[in-house]
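Next comes query_16.txt, a file with compact mmCIF, N, CA and C atoms and all ligand atoms.
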```txt
# COMPACT_ATOMS: atom_id res chain seq x y z
N MET P 23 0.85 -1.19 0.00
CA MET P 23 0.00 0.00 0.00
C MET P 23 0.89 1.25 0.00
N THR P 24 0.45 2.26 -0.75
CA THR P 24 1.21 3.51 -0.84
C THR P 24 0.26 4.69 -0.69
N ARG P 25 0.65 5.64 0.13
CA ARG P 25 -0.15 6.86 0.29
C ARG P 25 0.74 8.08 0.08
N HIS P 26 0.18 9.10 -0.59
CA HIS P 26 0.93 10.32 -0.92
C HIS P 26 0.30 11.51 -0.20
N PHE P 27 1.14 12.36 0.39
CA PHE P 27 0.66 13.56 1.09
C PHE P 27 1.49 14.75 0.64
N GLU P 28 0.84 15.91 0.57
CA GLU P 28 1.52 17.13 0.16
C GLU P 28 1.22 18.22 1.19
N TYR P 29 2.27 18.94 1.61
CA TYR P 29 2.10 19.99 2.61
C TYR P 29 2.69 21.30 2.09
N MET P 30 2.08 22.40 2.51
CA MET P 30 2.60 23.73 2.20
C MET P 30 3.34 24.27 3.42
N LEU P 31 4.32 25.15 3.15
CA LEU P 31 5.11 25.70 4.25
C LEU P 31 5.49 27.14 3.90
N ALA P 32 5.21 28.07 4.80
CA ALA P 32 5.68 29.45 4.65
C ALA P 32 7.07 29.53 5.27
N ALA P 33 8.06 29.98 4.48
CA ALA P 33 9.44 30.04 4.97
C ALA P 33 9.94 31.49 4.85
N PRO P 34 9.63 32.32 5.86
CA PRO P 34 9.98 33.75 5.76
C PRO P 34 11.46 34.05 5.95
N ARG P 35 12.23 33.13 6.51
CA ARG P 35 13.66 33.41 6.76
C ARG P 35 14.47 32.12 6.56
N GLU P 36 15.81 32.28 6.45
CA GLU P 36 16.68 31.11 6.36
C GLU P 36 16.62 30.41 7.71
N ASP P 37 16.17 29.17 7.71
CA ASP P 37 15.98 28.48 8.98
C ASP P 37 15.71 27.00 8.72
N PHE P 38 15.73 26.21 9.80
CA PHE P 38 15.28 24.82 9.76
C PHE P 38 13.88 24.80 10.38
N TYR P 39 12.88 24.37 9.61
CA TYR P 39 11.49 24.33 10.09
C TYR P 39 11.14 22.90 10.47
N ASP P 40 10.72 22.72 11.72
CA ASP P 40 10.41 21.37 12.22
C ASP P 40 9.10 20.89 11.61
N ILE P 41 9.16 19.85 10.79
CA ILE P 41 7.97 19.30 10.12
C ILE P 41 7.63 17.91 10.64
N THR P 42 8.20 17.54 11.79
CA THR P 42 7.99 16.20 12.34
C THR P 42 6.50 15.91 12.56
N SER P 43 5.76 16.91 13.06
CA SER P 43 4.33 16.65 13.37
C SER P 43 3.54 16.37 12.09
N GLN P 44 3.87 17.07 10.98
CA GLN P 44 3.18 16.79 9.72
C GLN P 44 3.49 15.38 9.21
N VAL P 45 4.75 14.96 9.36
CA VAL P 45 5.12 13.62 8.88
C VAL P 45 4.45 12.55 9.76
N ARG P 46 4.40 12.79 11.06
CA ARG P 46 3.67 11.86 11.96
C ARG P 46 2.20 11.76 11.56
N GLU P 47 1.60 12.93 11.23
CA GLU P 47 0.20 12.97 10.81
C GLU P 47 -0.01 12.16 9.53
N ALA P 48 0.92 12.30 8.59
CA ALA P 48 0.81 11.54 7.33
C ALA P 48 0.85 10.04 7.60
N VAL P 49 1.76 9.63 8.48
CA VAL P 49 1.88 8.20 8.80
C VAL P 49 0.59 7.72 9.48
N ARG P 50 0.07 8.49 10.43
CA ARG P 50 -1.16 8.12 11.14
C ARG P 50 -2.32 7.99 10.15
N THR P 51 -2.46 9.00 9.26
CA THR P 51 -3.56 9.01 8.29
C THR P 51 -3.44 7.85 7.30
N SER P 52 -2.22 7.47 6.98
CA SER P 52 -2.01 6.41 5.98
C SER P 52 -2.51 5.06 6.46
N GLY P 53 -2.52 4.85 7.78
CA GLY P 53 -2.92 3.55 8.33
C GLY P 53 -1.86 2.48 8.16
N ILE P 54 -0.69 2.87 7.66
CA ILE P 54 0.38 1.88 7.43
C ILE P 54 1.07 1.56 8.76
N GLU P 55 1.19 0.26 9.03
CA GLU P 55 1.75 -0.21 10.29
C GLU P 55 3.25 -0.45 10.21
N SER P 56 3.70 -0.95 9.06
CA SER P 56 5.10 -1.33 8.92
C SER P 56 5.58 -1.00 7.52
N GLY P 57 6.64 -0.18 7.42
CA GLY P 57 7.13 0.22 6.10
C GLY P 57 8.11 1.36 6.22
N ILE P 58 8.02 2.31 5.27
CA ILE P 58 8.90 3.48 5.29
C ILE P 58 8.11 4.73 4.90
N ALA P 59 8.62 5.87 5.39
CA ALA P 59 8.10 7.17 4.97
C ALA P 59 9.25 7.92 4.33
N VAL P 60 9.03 8.42 3.11
CA VAL P 60 10.01 9.26 2.42
C VAL P 60 9.49 10.69 2.45
N VAL P 61 10.33 11.60 2.93
CA VAL P 61 9.98 13.02 2.95
C VAL P 61 10.85 13.70 1.90
N PHE P 62 10.20 14.37 0.93
CA PHE P 62 10.92 14.89 -0.23
C PHE P 62 10.63 16.37 -0.45
N CYS P 63 11.67 17.12 -0.76
CA CYS P 63 11.57 18.56 -1.03
C CYS P 63 11.77 18.81 -2.53
N PRO P 64 10.74 19.32 -3.24
CA PRO P 64 10.86 19.52 -4.68
C PRO P 64 11.40 20.90 -5.06
N HIS P 65 12.42 21.38 -4.35
CA HIS P 65 13.00 22.71 -4.60
C HIS P 65 14.52 22.61 -4.65
N THR P 66 15.18 23.55 -5.35
CA THR P 66 16.64 23.48 -5.53
C THR P 66 17.42 24.36 -4.56
N THR P 67 16.71 25.17 -3.76
CA THR P 67 17.41 25.99 -2.76
C THR P 67 16.85 25.73 -1.35
N ALA P 68 16.36 24.52 -1.15
CA ALA P 68 15.88 24.08 0.17
C ALA P 68 16.15 22.59 0.26
N GLY P 69 16.11 22.05 1.47
CA GLY P 69 16.39 20.63 1.64
C GLY P 69 15.64 20.06 2.83
N ILE P 70 15.90 18.77 3.06
CA ILE P 70 15.27 18.04 4.18
C ILE P 70 16.39 17.33 4.95
N THR P 71 16.33 17.43 6.29
CA THR P 71 17.31 16.70 7.09
C THR P 71 16.69 16.26 8.41
N ILE P 72 17.42 15.38 9.10
CA ILE P 72 17.04 14.95 10.44
C ILE P 72 18.13 15.40 11.38
N ASN P 73 17.75 16.06 12.48
CA ASN P 73 18.74 16.42 13.49
C ASN P 73 18.03 16.67 14.82
N GLU P 74 18.80 17.12 15.79
CA GLU P 74 18.25 17.29 17.14
C GLU P 74 17.17 18.36 17.19
N ASN P 75 16.07 18.04 17.89
CA ASN P 75 15.01 19.04 18.05
C ASN P 75 14.75 19.37 19.52
N ALA P 76 15.70 19.02 20.39
CA ALA P 76 15.54 19.32 21.82
C ALA P 76 16.15 20.69 22.14
N ASP P 77 17.41 20.90 21.76
CA ASP P 77 18.09 22.16 22.04
C ASP P 77 18.12 23.00 20.76
N PRO P 78 17.38 24.12 20.71
CA PRO P 78 17.34 24.94 19.48
C PRO P 78 18.70 25.51 19.09
N ASP P 79 19.66 25.51 20.01
CA ASP P 79 21.00 25.99 19.67
C ASP P 79 21.69 25.09 18.64
N VAL P 80 21.28 23.83 18.55
CA VAL P 80 21.87 22.94 17.54
C VAL P 80 21.57 23.48 16.14
N VAL P 81 20.31 23.82 15.88
CA VAL P 81 19.94 24.37 14.57
C VAL P 81 20.66 25.70 14.33
N ARG P 82 20.73 26.55 15.36
CA ARG P 82 21.45 27.81 15.23
C ARG P 82 22.91 27.56 14.81
N ASP P 83 23.55 26.59 15.46
CA ASP P 83 24.95 26.28 15.16
C ASP P 83 25.10 25.72 13.74
N LEU P 84 24.15 24.88 13.32
CA LEU P 84 24.22 24.32 11.96
C LEU P 84 24.08 25.44 10.92
N LEU P 85 23.14 26.36 11.14
CA LEU P 85 22.96 27.48 10.20
C LEU P 85 24.20 28.37 10.17
N PHE P 86 24.78 28.61 11.34
CA PHE P 86 26.00 29.42 11.42
C PHE P 86 27.14 28.77 10.63
N ALA P 87 27.32 27.46 10.85
CA ALA P 87 28.42 26.75 10.19
C ALA P 87 28.20 26.64 8.68
N LEU P 88 26.95 26.41 8.25
CA LEU P 88 26.67 26.36 6.81
C LEU P 88 26.97 27.72 6.16
N GLY P 89 26.61 28.80 6.85
CA GLY P 89 26.88 30.14 6.32
C GLY P 89 28.36 30.43 6.22
N LYS P 90 29.14 29.98 7.22
CA LYS P 90 30.59 30.19 7.21
C LYS P 90 31.27 29.32 6.15
N THR P 91 30.76 28.08 5.99
CA THR P 91 31.39 27.13 5.07
C THR P 91 31.05 27.43 3.62
N TYR P 92 29.80 27.90 3.38
CA TYR P 92 29.34 28.15 2.02
C TYR P 92 28.83 29.59 1.88
N PRO P 93 29.73 30.58 2.00
CA PRO P 93 29.30 31.98 1.85
C PRO P 93 29.05 32.31 0.37
N ASP P 94 28.32 33.41 0.14
CA ASP P 94 28.18 33.93 -1.22
C ASP P 94 29.56 34.37 -1.69
N ARG P 95 29.90 34.11 -2.95
CA ARG P 95 31.23 34.45 -3.44
C ARG P 95 31.12 35.23 -4.75
N PRO P 96 32.00 36.22 -4.94
CA PRO P 96 31.94 37.01 -6.18
C PRO P 96 32.25 36.18 -7.43
N GLU P 97 32.93 35.03 -7.24
CA GLU P 97 33.25 34.17 -8.39
C GLU P 97 32.05 33.39 -8.91
N PHE P 98 30.98 33.31 -8.14
CA PHE P 98 29.80 32.55 -8.58
C PHE P 98 29.21 33.20 -9.83
N ARG P 99 28.79 32.38 -10.80
CA ARG P 99 28.31 32.89 -12.09
C ARG P 99 26.80 32.83 -12.26
N HIS P 100 26.11 32.00 -11.52
CA HIS P 100 24.66 31.82 -11.64
C HIS P 100 23.94 33.17 -11.52
N GLY P 101 23.20 33.55 -12.59
CA GLY P 101 22.62 34.87 -12.70
C GLY P 101 21.59 35.22 -11.63
N GLU P 102 20.94 34.21 -11.06
CA GLU P 102 19.92 34.47 -10.04
C GLU P 102 20.55 34.97 -8.74
N GLY P 103 21.88 34.75 -8.59
CA GLY P 103 22.58 35.29 -7.43
C GLY P 103 22.37 34.52 -6.15
N ASN P 104 21.92 33.27 -6.25
CA ASN P 104 21.67 32.50 -5.02
C ASN P 104 22.42 31.16 -5.02
N SER P 105 23.64 31.18 -5.56
CA SER P 105 24.42 29.93 -5.63
C SER P 105 24.73 29.36 -4.26
N ALA P 106 24.93 30.24 -3.26
CA ALA P 106 25.20 29.72 -1.91
C ALA P 106 24.02 28.88 -1.43
N ALA P 107 22.79 29.33 -1.74
CA ALA P 107 21.59 28.58 -1.34
C ALA P 107 21.52 27.24 -2.09
N HIS P 108 21.88 27.24 -3.40
CA HIS P 108 21.90 25.98 -4.15
C HIS P 108 22.91 25.02 -3.54
N LEU P 109 24.07 25.54 -3.16
CA LEU P 109 25.13 24.72 -2.57
C LEU P 109 24.67 24.07 -1.26
N LYS P 110 24.10 24.90 -0.37
CA LYS P 110 23.63 24.37 0.91
C LYS P 110 22.55 23.31 0.70
N ALA P 111 21.65 23.54 -0.28
CA ALA P 111 20.58 22.58 -0.55
C ALA P 111 21.16 21.23 -0.99
N SER P 112 22.21 21.27 -1.83
CA SER P 112 22.83 20.01 -2.27
C SER P 112 23.54 19.29 -1.14
N VAL P 113 24.18 20.07 -0.28
CA VAL P 113 24.90 19.46 0.85
C VAL P 113 23.91 18.78 1.81
N ILE P 114 22.80 19.45 2.09
CA ILE P 114 21.78 18.90 3.00
C ILE P 114 21.04 17.73 2.37
N GLY P 115 20.73 17.84 1.08
CA GLY P 115 19.99 16.77 0.40
C GLY P 115 18.51 17.07 0.31
N SER P 116 17.84 16.37 -0.61
CA SER P 116 16.43 16.65 -0.91
C SER P 116 15.43 15.76 -0.19
N SER P 117 15.90 14.71 0.48
CA SER P 117 14.94 13.80 1.11
C SER P 117 15.55 13.06 2.28
N VAL P 118 14.68 12.54 3.13
CA VAL P 118 15.08 11.57 4.15
C VAL P 118 14.09 10.42 4.11
N THR P 119 14.54 9.25 4.54
CA THR P 119 13.69 8.07 4.67
C THR P 119 13.68 7.66 6.14
N VAL P 120 12.48 7.44 6.68
CA VAL P 120 12.35 7.03 8.08
C VAL P 120 11.57 5.72 8.13
N ILE P 121 12.03 4.79 8.95
CA ILE P 121 11.33 3.52 9.14
C ILE P 121 10.02 3.77 9.89
N VAL P 122 8.96 3.09 9.44
CA VAL P 122 7.67 3.11 10.14
C VAL P 122 7.46 1.74 10.75
N GLU P 123 7.30 1.68 12.07
CA GLU P 123 7.03 0.40 12.73
C GLU P 123 5.96 0.59 13.79
N ASP P 124 5.04 -0.36 13.89
CA ASP P 124 3.89 -0.25 14.81
C ASP P 124 3.12 1.05 14.55
N GLY P 125 3.06 1.46 13.29
CA GLY P 125 2.29 2.65 12.92
C GLY P 125 2.93 3.96 13.30
N ARG P 126 4.21 3.92 13.72
CA ARG P 126 4.87 5.14 14.17
C ARG P 126 6.25 5.30 13.53
N LEU P 127 6.68 6.56 13.42
CA LEU P 127 8.03 6.83 12.94
C LEU P 127 9.05 6.32 13.96
N ALA P 128 10.07 5.62 13.48
CA ALA P 128 11.10 5.07 14.37
C ALA P 128 12.22 6.09 14.57
N LEU P 129 11.84 7.31 14.93
CA LEU P 129 12.85 8.35 15.18
C LEU P 129 13.46 8.15 16.56
N GLY P 130 14.72 8.54 16.72
CA GLY P 130 15.35 8.55 18.03
C GLY P 130 14.76 9.64 18.90
N THR P 131 15.02 9.54 20.19
CA THR P 131 14.43 10.46 21.18
C THR P 131 14.66 11.92 20.83
N TRP P 132 15.85 12.23 20.35
CA TRP P 132 16.21 13.63 20.13
C TRP P 132 16.09 14.05 18.68
N GLN P 133 15.57 13.16 17.83
CA GLN P 133 15.53 13.48 16.40
C GLN P 133 14.23 14.16 15.98
N GLY P 134 14.37 15.15 15.11
CA GLY P 134 13.24 15.78 14.45
C GLY P 134 13.54 15.88 12.97
N ILE P 135 12.47 16.02 12.16
CA ILE P 135 12.63 16.15 10.71
C ILE P 135 12.47 17.63 10.37
N TYR P 136 13.44 18.14 9.60
CA TYR P 136 13.44 19.57 9.29
C TYR P 136 13.37 19.84 7.80
N PHE P 137 12.56 20.86 7.45
CA PHE P 137 12.61 21.48 6.13
C PHE P 137 13.60 22.64 6.25
N CYS P 138 14.64 22.65 5.41
CA CYS P 138 15.72 23.64 5.52
C CYS P 138 15.59 24.67 4.40
N GLU P 139 15.29 25.90 4.77
CA GLU P 139 15.13 26.98 3.79
C GLU P 139 16.43 27.77 3.67
N PHE P 140 16.93 27.92 2.42
CA PHE P 140 18.17 28.66 2.22
C PHE P 140 18.03 29.89 1.33
N ASP P 141 16.83 30.13 0.78
CA ASP P 141 16.65 31.28 -0.12
C ASP P 141 15.32 31.97 0.15
N PRO P 142 15.18 32.52 1.38
CA PRO P 142 13.90 33.12 1.78
C PRO P 142 13.70 34.50 1.17
N PRO P 143 12.47 35.03 1.29
CA PRO P 143 11.25 34.34 1.76
C PRO P 143 10.62 33.55 0.61
N ARG P 144 10.06 32.40 0.94
CA ARG P 144 9.44 31.54 -0.08
C ARG P 144 8.20 30.87 0.49
N LYS P 145 7.29 30.54 -0.43
CA LYS P 145 6.20 29.61 -0.12
C LYS P 145 6.66 28.27 -0.68
N ARG P 146 6.76 27.27 0.18
CA ARG P 146 7.32 25.99 -0.22
C ARG P 146 6.30 24.88 -0.07
N LYS P 147 6.68 23.72 -0.64
CA LYS P 147 5.89 22.52 -0.37
C LYS P 147 6.84 21.36 -0.17
N PHE P 148 6.33 20.32 0.46
CA PHE P 148 7.08 19.08 0.57
C PHE P 148 6.11 17.91 0.50
N PHE P 149 6.65 16.77 0.10
CA PHE P 149 5.83 15.57 -0.08
C PHE P 149 6.22 14.52 0.95
N VAL P 150 5.25 13.76 1.38
CA VAL P 150 5.49 12.58 2.23
C VAL P 150 4.86 11.39 1.54
N LYS P 151 5.67 10.39 1.24
CA LYS P 151 5.18 9.14 0.65
C LYS P 151 5.35 8.06 1.71
N VAL P 152 4.24 7.43 2.08
CA VAL P 152 4.28 6.34 3.07
C VAL P 152 3.98 5.04 2.36
N MET P 153 4.90 4.09 2.49
CA MET P 153 4.76 2.82 1.79
C MET P 153 4.91 1.67 2.78
N GLY P 154 4.06 0.68 2.67
CA GLY P 154 4.22 -0.48 3.56
C GLY P 154 2.93 -1.26 3.65
N ARG P 155 2.84 -2.00 4.75
CA ARG P 155 1.73 -2.91 4.98
C ARG P 155 0.80 -2.28 6.02
N ASN P 156 -0.50 -2.28 5.71
CA ASN P 156 -1.44 -1.71 6.69
C ASN P 156 -1.90 -2.80 7.65
N ALA P 157 -2.65 -2.38 8.67
CA ALA P 157 -2.99 -3.28 9.77
C ALA P 157 -3.82 -4.47 9.30
N GLN P 158 -4.65 -4.27 8.25
CA GLN P 158 -5.55 -5.34 7.81
C GLN P 158 -4.86 -6.35 6.89
N ALA P 159 -3.73 -5.96 6.32
CA ALA P 159 -3.11 -6.82 5.30
C ALA P 159 -2.62 -8.13 5.90
N LYS P 160 -2.76 -9.20 5.13
CA LYS P 160 -2.24 -10.49 5.57
C LYS P 160 -0.75 -10.55 5.28
N LEU P 161 -0.03 -11.30 6.06
CA LEU P 161 1.43 -11.41 5.87
C LEU P 161 1.74 -12.27 4.64
ZN ZN P 201 19.16 29.93 -8.49
```
Please express the file's structure as structure tokens.
Ligand code: ZN
Amino acid sequence: MTRHFEYMLAAPREDFYDITSQVREAVRTSGIESGIAVVFCPHTTAGITINENADPDVVRDLLFALGKTYPDRPEFRHGEGNSAAHLKASVIGSSVTVIVEDGRLALGTWQGIYFCEFDPPRKRKFFVKVMGRNAQAKL
């Protein structure tokens, strides 16, 4: 069984937006008990990652380090002027896969799923695909 979900996100600033609750909702709505959830970002200057969601300073430090490591450079040729955002998006990646077991995301205690915006302000979307066996299915 496969279920597809689409979510909208307002991203007014460069930041990591916690989307864990939306992904949990997609898994709950899907009725899938055992399988995987793929969270995908269909944009070239944003990404998806998993990291700590307990101490907000972790996200602050990640944003600081990404900015220091991949600053805007005068040598960049891309006419839109947002090559640093494209770079950060490629480094972070466009998707994550999370195991679904007993109808729940198998995230660690301190893990959250983040939509990472690098070229604000934007109206964004992301997809959640949940695939697996539902409670009624025979083995
Ligand atoms: Zn661009």
Residues within 7 Å of ligand ZN 201 (chain P), counting only C-alpha atoms and all ligand atoms: report them as an MDAnalysis selection string.
chainID P and resid 100 102:105 108
Just N, CA and C atoms for this one: save the residues we selected as a compact mmCIF listing (two decimals), keeping the file's coordinate frame.
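Contents of result.txt, as written:
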```
# COMPACT_ATOMS: atom_id res chain seq x y z
N HIS P 100 26.11 32.00 -11.52
CA HIS P 100 24.66 31.82 -11.64
C HIS P 100 23.94 33.17 -11.52
N GLU P 102 20.94 34.21 -11.06
CA GLU P 102 19.92 34.47 -10.04
C GLU P 102 20.55 34.97 -8.74
N GLY P 103 21.88 34.75 -8.59
CA GLY P 103 22.58 35.29 -7.43
C GLY P 103 22.37 34.52 -6.15
N ASN P 104 21.92 33.27 -6.25
CA ASN P 104 21.67 32.50 -5.02
C ASN P 104 22.42 31.16 -5.02
N SER P 105 23.64 31.18 -5.56
CA SER P 105 24.42 29.93 -5.63
C SER P 105 24.73 29.36 -4.26
N HIS P 108 21.88 27.24 -3.40
CA HIS P 108 21.90 25.98 -4.15
C HIS P 108 22.91 25.02 -3.54
```
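Nearest-residue note for Val81 in chain P: choosing from P:Asp37, P:Glu97, P:Gly115, P:Ser43, the minimum distance belongs to P:Asp37, counting all atoms listed in the file.
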Of the candidates P:Thr67, P:Thr131, P:Gln44, P:Asn75, which one gets nearest to Ala106 in chain P if we count only N, CA and C atoms?
P:Thr67
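Here CA of Gly134 in chain P is placed at a distance of 18.3 Å from CA of Val113 in chain P.
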Tell me, which residues of chain P carry DSSP alpha helix (DSSP H), written as an MDAnalysis selection string?
chainID P and resid 42:52 78:91 105:114
Picked from range 29-159 of chain P by DSSP as strand (DSSP E), as JSON, numbers by chain:
{"P": [29, 30, 31, 32, 33, 37, 38, 39, 40, 54, 55, 56, 57, 58, 59, 60, 61, 62, 68, 69, 70, 71, 72, 73, 74, 117, 118, 119, 120, 121, 122, 123, 126, 127, 133, 134, 135, 136, 137, 138, 139, 144, 145, 146, 147, 148, 149, 150, 151, 152, 153, 154, 155, 156]}
Those same residues - N, CA and C atoms - I'd like them written as a compact mmCIF listing (two decimals), in the coordinates of the input.
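Result file follows (out-v1.txt):
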```
# COMPACT_ATOMS: atom_id res chain seq x y z
N TYR P 29 2.27 18.94 1.61
CA TYR P 29 2.10 19.99 2.61
C TYR P 29 2.69 21.30 2.09
N MET P 30 2.08 22.40 2.51
CA MET P 30 2.60 23.73 2.20
C MET P 30 3.34 24.27 3.42
N LEU P 31 4.32 25.15 3.15
CA LEU P 31 5.11 25.70 4.25
C LEU P 31 5.49 27.14 3.90
N ALA P 32 5.21 28.07 4.80
CA ALA P 32 5.68 29.45 4.65
C ALA P 32 7.07 29.53 5.27
N ALA P 33 8.06 29.98 4.48
CA ALA P 33 9.44 30.04 4.97
C ALA P 33 9.94 31.49 4.85
N ASP P 37 16.17 29.17 7.71
CA ASP P 37 15.98 28.48 8.98
C ASP P 37 15.71 27.00 8.72
N PHE P 38 15.73 26.21 9.80
CA PHE P 38 15.28 24.82 9.76
C PHE P 38 13.88 24.80 10.38
N TYR P 39 12.88 24.37 9.61
CA TYR P 39 11.49 24.33 10.09
C TYR P 39 11.14 22.90 10.47
N ASP P 40 10.72 22.72 11.72
CA ASP P 40 10.41 21.37 12.22
C ASP P 40 9.10 20.89 11.61
N ILE P 54 -0.69 2.87 7.66
CA ILE P 54 0.38 1.88 7.43
C ILE P 54 1.07 1.56 8.76
N GLU P 55 1.19 0.26 9.03
CA GLU P 55 1.75 -0.21 10.29
C GLU P 55 3.25 -0.45 10.21
N SER P 56 3.70 -0.95 9.06
CA SER P 56 5.10 -1.33 8.92
C SER P 56 5.58 -1.00 7.52
N GLY P 57 6.64 -0.18 7.42
CA GLY P 57 7.13 0.22 6.10
C GLY P 57 8.11 1.36 6.22
N ILE P 58 8.02 2.31 5.27
CA ILE P 58 8.90 3.48 5.29
C ILE P 58 8.11 4.73 4.90
N ALA P 59 8.62 5.87 5.39
CA ALA P 59 8.10 7.17 4.97
C ALA P 59 9.25 7.92 4.33
N VAL P 60 9.03 8.42 3.11
CA VAL P 60 10.01 9.26 2.42
C VAL P 60 9.49 10.69 2.45
N VAL P 61 10.33 11.60 2.93
CA VAL P 61 9.98 13.02 2.95
C VAL P 61 10.85 13.70 1.90
N PHE P 62 10.20 14.37 0.93
CA PHE P 62 10.92 14.89 -0.23
C PHE P 62 10.63 16.37 -0.45
N ALA P 68 16.36 24.52 -1.15
CA ALA P 68 15.88 24.08 0.17
C ALA P 68 16.15 22.59 0.26
N GLY P 69 16.11 22.05 1.47
CA GLY P 69 16.39 20.63 1.64
C GLY P 69 15.64 20.06 2.83
N ILE P 70 15.90 18.77 3.06
CA ILE P 70 15.27 18.04 4.18
C ILE P 70 16.39 17.33 4.95
N THR P 71 16.33 17.43 6.29
CA THR P 71 17.31 16.70 7.09
C THR P 71 16.69 16.26 8.41
N ILE P 72 17.42 15.38 9.10
CA ILE P 72 17.04 14.95 10.44
C ILE P 72 18.13 15.40 11.38
N ASN P 73 17.75 16.06 12.48
CA ASN P 73 18.74 16.42 13.49
C ASN P 73 18.03 16.67 14.82
N GLU P 74 18.80 17.12 15.79
CA GLU P 74 18.25 17.29 17.14
C GLU P 74 17.17 18.36 17.19
N SER P 117 15.90 14.71 0.48
CA SER P 117 14.94 13.80 1.11
C SER P 117 15.55 13.06 2.28
N VAL P 118 14.68 12.54 3.13
CA VAL P 118 15.08 11.57 4.15
C VAL P 118 14.09 10.42 4.11
N THR P 119 14.54 9.25 4.54
CA THR P 119 13.69 8.07 4.67
C THR P 119 13.68 7.66 6.14
N VAL P 120 12.48 7.44 6.68
CA VAL P 120 12.35 7.03 8.08
C VAL P 120 11.57 5.72 8.13
N ILE P 121 12.03 4.79 8.95
CA ILE P 121 11.33 3.52 9.14
C ILE P 121 10.02 3.77 9.89
N VAL P 122 8.96 3.09 9.44
CA VAL P 122 7.67 3.11 10.14
C VAL P 122 7.46 1.74 10.75
N GLU P 123 7.30 1.68 12.07
CA GLU P 123 7.03 0.40 12.73
C GLU P 123 5.96 0.59 13.79
N ARG P 126 4.21 3.92 13.72
CA ARG P 126 4.87 5.14 14.17
C ARG P 126 6.25 5.30 13.53
N LEU P 127 6.68 6.56 13.42
CA LEU P 127 8.03 6.83 12.94
C LEU P 127 9.05 6.32 13.96
N GLN P 133 15.57 13.16 17.83
CA GLN P 133 15.53 13.48 16.40
C GLN P 133 14.23 14.16 15.98
N GLY P 134 14.37 15.15 15.11
CA GLY P 134 13.24 15.78 14.45
C GLY P 134 13.54 15.88 12.97
N ILE P 135 12.47 16.02 12.16
CA ILE P 135 12.63 16.15 10.71
C ILE P 135 12.47 17.63 10.37
N TYR P 136 13.44 18.14 9.60
CA TYR P 136 13.44 19.57 9.29
C TYR P 136 13.37 19.84 7.80
N PHE P 137 12.56 20.86 7.45
CA PHE P 137 12.61 21.48 6.13
C PHE P 137 13.60 22.64 6.25
N CYS P 138 14.64 22.65 5.41
CA CYS P 138 15.72 23.64 5.52
C CYS P 138 15.59 24.67 4.40
N GLU P 139 15.29 25.90 4.77
CA GLU P 139 15.13 26.98 3.79
C GLU P 139 16.43 27.77 3.67
N ARG P 144 10.06 32.40 0.94
CA ARG P 144 9.44 31.54 -0.08
C ARG P 144 8.20 30.87 0.49
N LYS P 145 7.29 30.54 -0.43
CA LYS P 145 6.20 29.61 -0.12
C LYS P 145 6.66 28.27 -0.68
N ARG P 146 6.76 27.27 0.18
CA ARG P 146 7.32 25.99 -0.22
C ARG P 146 6.30 24.88 -0.07
N LYS P 147 6.68 23.72 -0.64
CA LYS P 147 5.89 22.52 -0.37
C LYS P 147 6.84 21.36 -0.17
N PHE P 148 6.33 20.32 0.46
CA PHE P 148 7.08 19.08 0.57
C PHE P 148 6.11 17.91 0.50
N PHE P 149 6.65 16.77 0.10
CA PHE P 149 5.83 15.57 -0.08
C PHE P 149 6.22 14.52 0.95
N VAL P 150 5.25 13.76 1.38
CA VAL P 150 5.49 12.58 2.23
C VAL P 150 4.86 11.39 1.54
N LYS P 151 5.67 10.39 1.24
CA LYS P 151 5.18 9.14 0.65
C LYS P 151 5.35 8.06 1.71
N VAL P 152 4.24 7.43 2.08
CA VAL P 152 4.28 6.34 3.07
C VAL P 152 3.98 5.04 2.36
N MET P 153 4.90 4.09 2.49
CA MET P 153 4.76 2.82 1.79
C MET P 153 4.91 1.67 2.78
N GLY P 154 4.06 0.68 2.67
CA GLY P 154 4.22 -0.48 3.56
C GLY P 154 2.93 -1.26 3.65
N ARG P 155 2.84 -2.00 4.75
CA ARG P 155 1.73 -2.91 4.98
C ARG P 155 0.80 -2.28 6.02
N ASN P 156 -0.50 -2.28 5.71
CA ASN P 156 -1.44 -1.71 6.69
C ASN P 156 -1.90 -2.80 7.65
```
